[in-house]
$ cat structure-v8.tsv   # TSV, N, CA and C atoms
chain	number	residue	atom	x	y	z
L	1	MET	N	0.84	-1.18	0.00
L	1	MET	CA	0.00	0.00	0.00
L	1	MET	C	0.88	1.24	0.00
L	2	GLN	N	0.55	2.16	-0.85
L	2	GLN	CA	1.31	3.40	-0.95
L	2	GLN	C	0.47	4.58	-0.46
L	3	ILE	N	1.09	5.47	0.26
L	3	ILE	CA	0.42	6.69	0.68
L	3	ILE	C	0.45	7.65	-0.51
L	4	THR	N	-0.74	8.05	-0.97
L	4	THR	CA	-0.81	8.91	-2.15
L	4	THR	C	-1.20	10.34	-1.82
L	5	ASP	N	-1.68	10.61	-0.60
L	5	ASP	CA	-2.03	11.98	-0.23
L	5	ASP	C	-2.06	12.12	1.29
L	6	ILE	N	-1.58	13.25	1.76
L	6	ILE	CA	-1.62	13.59	3.19
L	6	ILE	C	-2.18	15.00	3.29
L	7	LYS	N	-3.29	15.15	4.04
L	7	LYS	CA	-3.91	16.47	4.22
L	7	LYS	C	-4.02	16.77	5.70
L	8	PHE	N	-3.62	17.98	6.06
L	8	PHE	CA	-3.73	18.43	7.44
L	8	PHE	C	-5.06	19.16	7.58
L	9	ARG	N	-5.94	18.63	8.42
L	9	ARG	CA	-7.29	19.15	8.56
L	9	ARG	C	-7.42	20.20	9.66
L	10	HIS	N	-6.66	20.06	10.71
L	10	HIS	CA	-6.76	20.98	11.84
L	10	HIS	C	-5.40	21.05	12.50
L	11	VAL	N	-4.91	22.26	12.71
L	11	VAL	CA	-3.60	22.45	13.32
L	11	VAL	C	-3.77	23.44	14.48
L	12	PRO	N	-4.05	22.92	15.69
L	12	PRO	CA	-4.22	23.82	16.83
L	12	PRO	C	-2.89	24.44	17.25
L	13	THR	N	-2.97	25.54	17.97
L	13	THR	CA	-1.75	26.24	18.40
L	13	THR	C	-1.48	26.06	19.89
L	14	TYR	N	-2.18	25.15	20.54
L	14	TYR	CA	-2.00	24.94	21.97
L	14	TYR	C	-2.22	23.46	22.29
L	15	GLY	N	-1.77	23.04	23.46
L	15	GLY	CA	-1.96	21.66	23.89
L	15	GLY	C	-1.01	20.69	23.20
L	16	LYS	N	-1.21	19.40	23.47
L	16	LYS	CA	-0.34	18.36	22.92
L	16	LYS	C	-0.72	17.94	21.51
L	17	LEU	N	-1.97	18.19	21.12
L	17	LEU	CA	-2.40	17.86	19.77
L	17	LEU	C	-1.77	18.85	18.79
L	18	ARG	N	-1.01	18.34	17.83
L	18	ARG	CA	-0.34	19.19	16.86
L	18	ARG	C	-1.11	19.28	15.55
L	19	ALA	N	-1.83	18.21	15.17
L	19	ALA	CA	-2.60	18.24	13.92
L	19	ALA	C	-3.53	17.04	13.83
L	20	LEU	N	-4.63	17.24	13.11
L	20	LEU	CA	-5.48	16.14	12.66
L	20	LEU	C	-5.19	15.95	11.18
L	21	VAL	N	-5.00	14.70	10.79
L	21	VAL	CA	-4.52	14.39	9.45
L	21	VAL	C	-5.45	13.39	8.77
L	22	SER	N	-5.62	13.57	7.46
L	22	SER	CA	-6.27	12.57	6.61
L	22	SER	C	-5.22	12.01	5.67
L	23	VAL	N	-5.17	10.69	5.56
L	23	VAL	CA	-4.19	10.02	4.70
L	23	VAL	C	-4.95	9.16	3.70
L	24	THR	N	-4.56	9.26	2.43
L	24	THR	CA	-5.15	8.44	1.38
L	24	THR	C	-4.13	7.40	0.94
L	25	PHE	N	-4.60	6.17	0.79
L	25	PHE	CA	-3.77	5.05	0.37
L	25	PHE	C	-4.19	4.62	-1.03
L	26	ASP	N	-3.21	4.50	-1.92
L	26	ASP	CA	-3.42	4.04	-3.30
L	26	ASP	C	-4.52	4.80	-4.02
L	27	GLY	N	-4.82	6.01	-3.57
L	27	GLY	CA	-5.83	6.83	-4.22
L	27	GLY	C	-7.25	6.32	-4.06
L	28	VAL	N	-7.45	5.30	-3.20
L	28	VAL	CA	-8.79	4.70	-3.10
L	28	VAL	C	-9.31	4.54	-1.67
L	29	LEU	N	-8.46	4.68	-0.67
L	29	LEU	CA	-8.88	4.49	0.72
L	29	LEU	C	-8.36	5.66	1.54
L	30	ALA	N	-9.26	6.35	2.24
L	30	ALA	CA	-8.86	7.48	3.09
L	30	ALA	C	-9.10	7.13	4.56
L	31	VAL	N	-8.15	7.49	5.39
L	31	VAL	CA	-8.29	7.35	6.85
L	31	VAL	C	-8.21	8.76	7.42
L	32	HIS	N	-9.28	9.18	8.09
L	32	HIS	CA	-9.38	10.53	8.65
L	32	HIS	C	-9.11	10.50	10.15
L	33	ASP	N	-8.82	11.67	10.69
L	33	ASP	CA	-8.66	11.88	12.13
L	33	ASP	C	-7.48	11.14	12.75
L	34	ILE	N	-6.41	10.98	11.99
L	34	ILE	CA	-5.15	10.53	12.58
L	34	ILE	C	-4.57	11.75	13.30
L	35	LYS	N	-4.14	11.56	14.53
L	35	LYS	CA	-3.65	12.69	15.33
L	35	LYS	C	-2.12	12.67	15.41
L	36	ILE	N	-1.54	13.85	15.28
L	36	ILE	CA	-0.12	14.02	15.60
L	36	ILE	C	-0.08	14.58	17.01
L	37	ILE	N	0.58	13.86	17.91
L	37	ILE	CA	0.63	14.21	19.33
L	37	ILE	C	2.07	14.53	19.71
L	38	ALA	N	2.25	15.56	20.52
L	38	ALA	CA	3.58	15.89	21.06
L	38	ALA	C	3.76	15.09	22.34
L	39	GLY	N	4.66	14.12	22.30
L	39	GLY	CA	5.00	13.33	23.47
L	39	GLY	C	6.08	14.02	24.28
L	40	HIS	N	6.61	13.33	25.27
L	40	HIS	CA	7.65	13.91	26.13
L	40	HIS	C	8.92	14.23	25.34
L	41	ASP	N	9.28	13.32	24.41
L	41	ASP	CA	10.55	13.52	23.69
L	41	ASP	C	10.42	13.47	22.18
L	42	ARG	N	9.21	13.23	21.65
L	42	ARG	CA	9.05	13.16	20.20
L	42	ARG	C	7.59	13.29	19.81
L	43	LEU	N	7.37	13.54	18.53
L	43	LEU	CA	6.03	13.51	17.96
L	43	LEU	C	5.67	12.07	17.63
L	44	PHE	N	4.40	11.71	17.76
L	44	PHE	CA	3.96	10.38	17.37
L	44	PHE	C	2.54	10.46	16.84
L	45	LEU	N	2.11	9.39	16.17
L	45	LEU	CA	0.76	9.32	15.62
L	45	LEU	C	-0.15	8.53	16.54
L	46	ALA	N	-1.40	8.98	16.62
L	46	ALA	CA	-2.45	8.23	17.29
L	46	ALA	C	-3.54	8.00	16.25
L	47	MET	N	-3.91	6.76	16.07
L	47	MET	CA	-4.88	6.41	15.05
L	47	MET	C	-6.29	6.82	15.50
L	48	PRO	N	-7.22	6.97	14.54
L	48	PRO	CA	-8.57	7.37	14.91
L	48	PRO	C	-9.19	6.33	15.85
L	49	SER	N	-9.90	6.82	16.85
L	49	SER	CA	-10.47	5.91	17.84
L	49	SER	C	-11.87	6.37	18.25
L	50	ARG	N	-12.54	5.48	18.94
L	50	ARG	CA	-13.90	5.73	19.42
L	50	ARG	C	-13.97	5.32	20.88
L	51	ARG	N	-14.67	6.12	21.67
L	51	ARG	CA	-14.84	5.79	23.09
L	51	ARG	C	-15.90	4.69	23.22
L	52	MET	N	-15.56	3.65	23.95
L	52	MET	CA	-16.46	2.53	24.17
L	52	MET	C	-17.35	2.83	25.39
L	53	PRO	N	-18.44	2.10	25.56
L	53	PRO	CA	-19.33	2.36	26.70
L	53	PRO	C	-18.64	2.28	28.06
L	54	ASP	N	-17.56	1.49	28.17
L	54	ASP	CA	-16.86	1.38	29.45
L	54	ASP	C	-15.84	2.50	29.66
L	55	GLY	N	-15.74	3.45	28.71
L	55	GLY	CA	-14.85	4.59	28.85
L	55	GLY	C	-13.50	4.45	28.18
L	56	ARG	N	-13.14	3.23	27.79
L	56	ARG	CA	-11.87	3.02	27.11
L	56	ARG	C	-12.00	3.42	25.65
L	57	PHE	N	-10.86	3.67	24.99
L	57	PHE	CA	-10.85	4.01	23.58
L	57	PHE	C	-10.38	2.80	22.78
L	58	ARG	N	-10.97	2.65	21.60
L	58	ARG	CA	-10.61	1.55	20.70
L	58	ARG	C	-10.35	2.13	19.32
L	59	ASP	N	-9.22	1.74	18.70
L	59	ASP	CA	-8.90	2.21	17.36
L	59	ASP	C	-9.98	1.80	16.37
L	60	VAL	N	-10.34	2.73	15.50
L	60	VAL	CA	-11.29	2.46	14.42
L	60	VAL	C	-10.55	1.84	13.24
L	61	ALA	N	-9.35	2.35	12.98
L	61	ALA	CA	-8.49	1.83	11.92
L	61	ALA	C	-7.05	1.93	12.40
L	62	HIS	N	-6.25	0.95	12.02
L	62	HIS	CA	-4.84	1.00	12.41
L	62	HIS	C	-4.04	0.06	11.53
L	63	PRO	N	-2.73	0.34	11.34
L	63	PRO	CA	-1.88	-0.57	10.58
L	63	PRO	C	-1.70	-1.87	11.38
L	64	VAL	N	-1.75	-2.98	10.68
L	64	VAL	CA	-1.61	-4.27	11.35
L	64	VAL	C	-0.13	-4.62	11.54
L	65	GLY	N	0.69	-4.28	10.57
L	65	GLY	CA	2.10	-4.62	10.65
L	65	GLY	C	2.98	-3.45	11.04
L	66	VAL	N	4.14	-3.77	11.57
L	66	VAL	CA	5.10	-2.76	12.00
L	66	VAL	C	5.60	-1.93	10.83
L	67	ALA	N	5.84	-2.57	9.69
L	67	ALA	CA	6.40	-1.86	8.54
L	67	ALA	C	5.47	-0.75	8.06
L	68	LEU	N	4.18	-1.02	7.95
L	68	LEU	CA	3.25	0.01	7.50
L	68	LEU	C	3.12	1.11	8.55
L	69	ARG	N	3.10	0.74	9.83
L	69	ARG	CA	3.02	1.76	10.88
L	69	ARG	C	4.22	2.70	10.83
L	70	GLU	N	5.41	2.14	10.68
L	70	GLU	CA	6.62	2.96	10.62
L	70	GLU	C	6.62	3.86	9.38
L	71	GLU	N	6.22	3.32	8.23
L	71	GLU	CA	6.16	4.10	7.00
L	71	GLU	C	5.13	5.22	7.11
L	72	LEU	N	3.97	4.91	7.66
L	72	LEU	CA	2.93	5.92	7.85
L	72	LEU	C	3.42	7.03	8.76
L	73	GLU	N	3.99	6.67	9.90
L	73	GLU	CA	4.49	7.67	10.84
L	73	GLU	C	5.59	8.52	10.21
L	74	GLN	N	6.51	7.90	9.51
L	74	GLN	CA	7.60	8.65	8.90
L	74	GLN	C	7.09	9.64	7.87
L	75	GLN	N	6.22	9.20	6.96
L	75	GLN	CA	5.74	10.08	5.90
L	75	GLN	C	4.88	11.21	6.45
L	76	VAL	N	4.00	10.90	7.40
L	76	VAL	CA	3.12	11.94	7.95
L	76	VAL	C	3.94	12.96	8.74
L	77	LEU	N	4.85	12.50	9.58
L	77	LEU	CA	5.65	13.44	10.37
L	77	LEU	C	6.61	14.24	9.49
L	78	ASP	N	7.17	13.62	8.45
L	78	ASP	CA	8.01	14.38	7.51
L	78	ASP	C	7.20	15.48	6.83
L	79	ALA	N	5.98	15.17	6.39
L	79	ALA	CA	5.12	16.17	5.75
L	79	ALA	C	4.77	17.28	6.74
L	80	TYR	N	4.50	16.91	8.00
L	80	TYR	CA	4.18	17.90	9.03
L	80	TYR	C	5.37	18.84	9.25
L	81	ARG	N	6.53	18.26	9.42
L	81	ARG	CA	7.73	19.09	9.66
L	81	ARG	C	8.02	20.01	8.47
L	82	THR	N	7.89	19.47	7.26
L	82	THR	CA	8.13	20.27	6.06
L	82	THR	C	7.13	21.41	5.94
L	83	THR	N	5.88	21.15	6.26
L	83	THR	CA	4.82	22.13	6.08
L	83	THR	C	4.79	23.17	7.19
L	84	PHE	N	4.98	22.74	8.45
L	84	PHE	CA	4.75	23.64	9.58
L	84	PHE	C	5.98	24.03	10.39
L	85	LEU	N	7.08	23.30	10.25
L	85	LEU	CA	8.24	23.59	11.09
L	85	LEU	C	9.42	24.14	10.32
L	86	GLN	N	9.27	24.45	9.07
L	86	GLN	CA	10.37	25.00	8.27
L	86	GLN	C	10.39	26.49	8.35
$ encode --input "structure-v8.tsv" --output "structure tokens"
Amino acid sequence: MQITDIKFRHVPTYGKLRALVSVTFDGVLAVHDIKIIAGHDRLFLAMPSRRMPDGRFRDVAHPVGVALREELEQQVLDAYRTTFLQ
């Protein structure tokens, strides 16, 4: 699967949330509401999730393998840094 588009939907100026992102794969599948979060020592991605009746959150969509997760994180964070931190 190839990432064919990355769009930044919301870029707040406060708090730990740095951006809400939509990513399109192979031009045919879009995943919305991926969050870029400022952690203690680095930025990381949080996949879209839904609050369950017991109060816990469960991912709505997420990469199953490590390779896709790493590629997704690298490309999204590179695009974020290029767009907003240059």
$ closest_residue --input "structure-v8.tsv" --among "L:Tyr14, L:Phe57, L:Phe25, L:Phe44" --to "Gln74 (chain L)" --atoms "only C-alpha atoms"
L:Phe44
$ residues_around --input "structure-v8.tsv" --residues "Ile36 (chain L)" --least-positions-apart "2" --cutoff "5 Å" --atoms "all atoms listed in the file" --output "JSON, numbers by chain"
{"L": [17, 18, 19, 34, 38, 44, 45]}
$ closest_residue --input "structure-v8.tsv" --among "L:Ala79, L:Leu43, L:Ala67, L:Val21" --to "Phe8 (chain L)" --atoms "all atoms listed in the file"
L:Val21
$ select_by_dssp --input "structure-v8.tsv" --residues "chain L" --states "strand (DSSP E)" --output "ChimeraX atom specification"
/L:3-10,17-25,29-38,43-46,49-51,57-59
$ closest_residue --input "structure-v8.tsv" --among "L:Ser49, L:Ala61, L:Gly15, L:Arg69" --to "Ile37 (chain L)" --atoms "only C-alpha atoms"
L:Gly15
$ closest_residue --input "structure-v8.tsv" --among "L:Tyr80, L:Val66, L:Val28, L:Arg50" --to "Arg9 (chain L)" --atoms "only C-alpha atoms"
L:Tyr80
$ closest_residue --input "structure-v8.tsv" --among "L:Pro63, L:Pro48, L:Asp5, L:Arg42" --to "Leu20 (chain L)" --atoms "only C-alpha atoms"
L:Pro48
$ select_by_dssp --input "structure-v8.tsv" --residues "chain L" --states "helix (DSSP H, G or I)" --output "list of chain:residue names"
L:Val66, L:Ala67, L:Leu68, L:Arg69, L:Glu70, L:Glu71, L:Leu72, L:Glu73, L:Gln74, L:Gln75, L:Val76, L:Leu77, L:Asp78, L:Ala79, L:Tyr80, L:Arg81, L:Thr82, L:Thr83, L:Phe84
$ closest_residue --input "structure-v8.tsv" --among "L:Met47, L:Gln86, L:Asp33, L:Gln75" --to "His62 (chain L)" --atoms "only C-alpha atoms"
L:Met47
$ atom_distance --input "structure-v8.tsv" --atom1 "CA of Val23 (chain L)" --atom2 "CA of Pro53 (chain L)"
27.8 Å
$ atom_distance --input "structure-v8.tsv" --atom1 "atom N of Ile6 (chain L)" --atom2 "atom N of Val76 (chain L)"
8.3 Å
$ atom_distance --input "structure-v8.tsv" --atom1 "CA of Met1 (chain L)" --atom2 "CA of Phe84 (chain L)"
25.9 Å
$ axis_aligned_box --input "structure-v8.tsv" --around "region 9-22 of chain L" --padding-each-side "3 Å" --output "JSON"
{"center_x": -3.9, "center_y": 19.1, "center_z": 14.8, "size_x": 13.1, "size_y": 20.2, "size_z": 24.2}
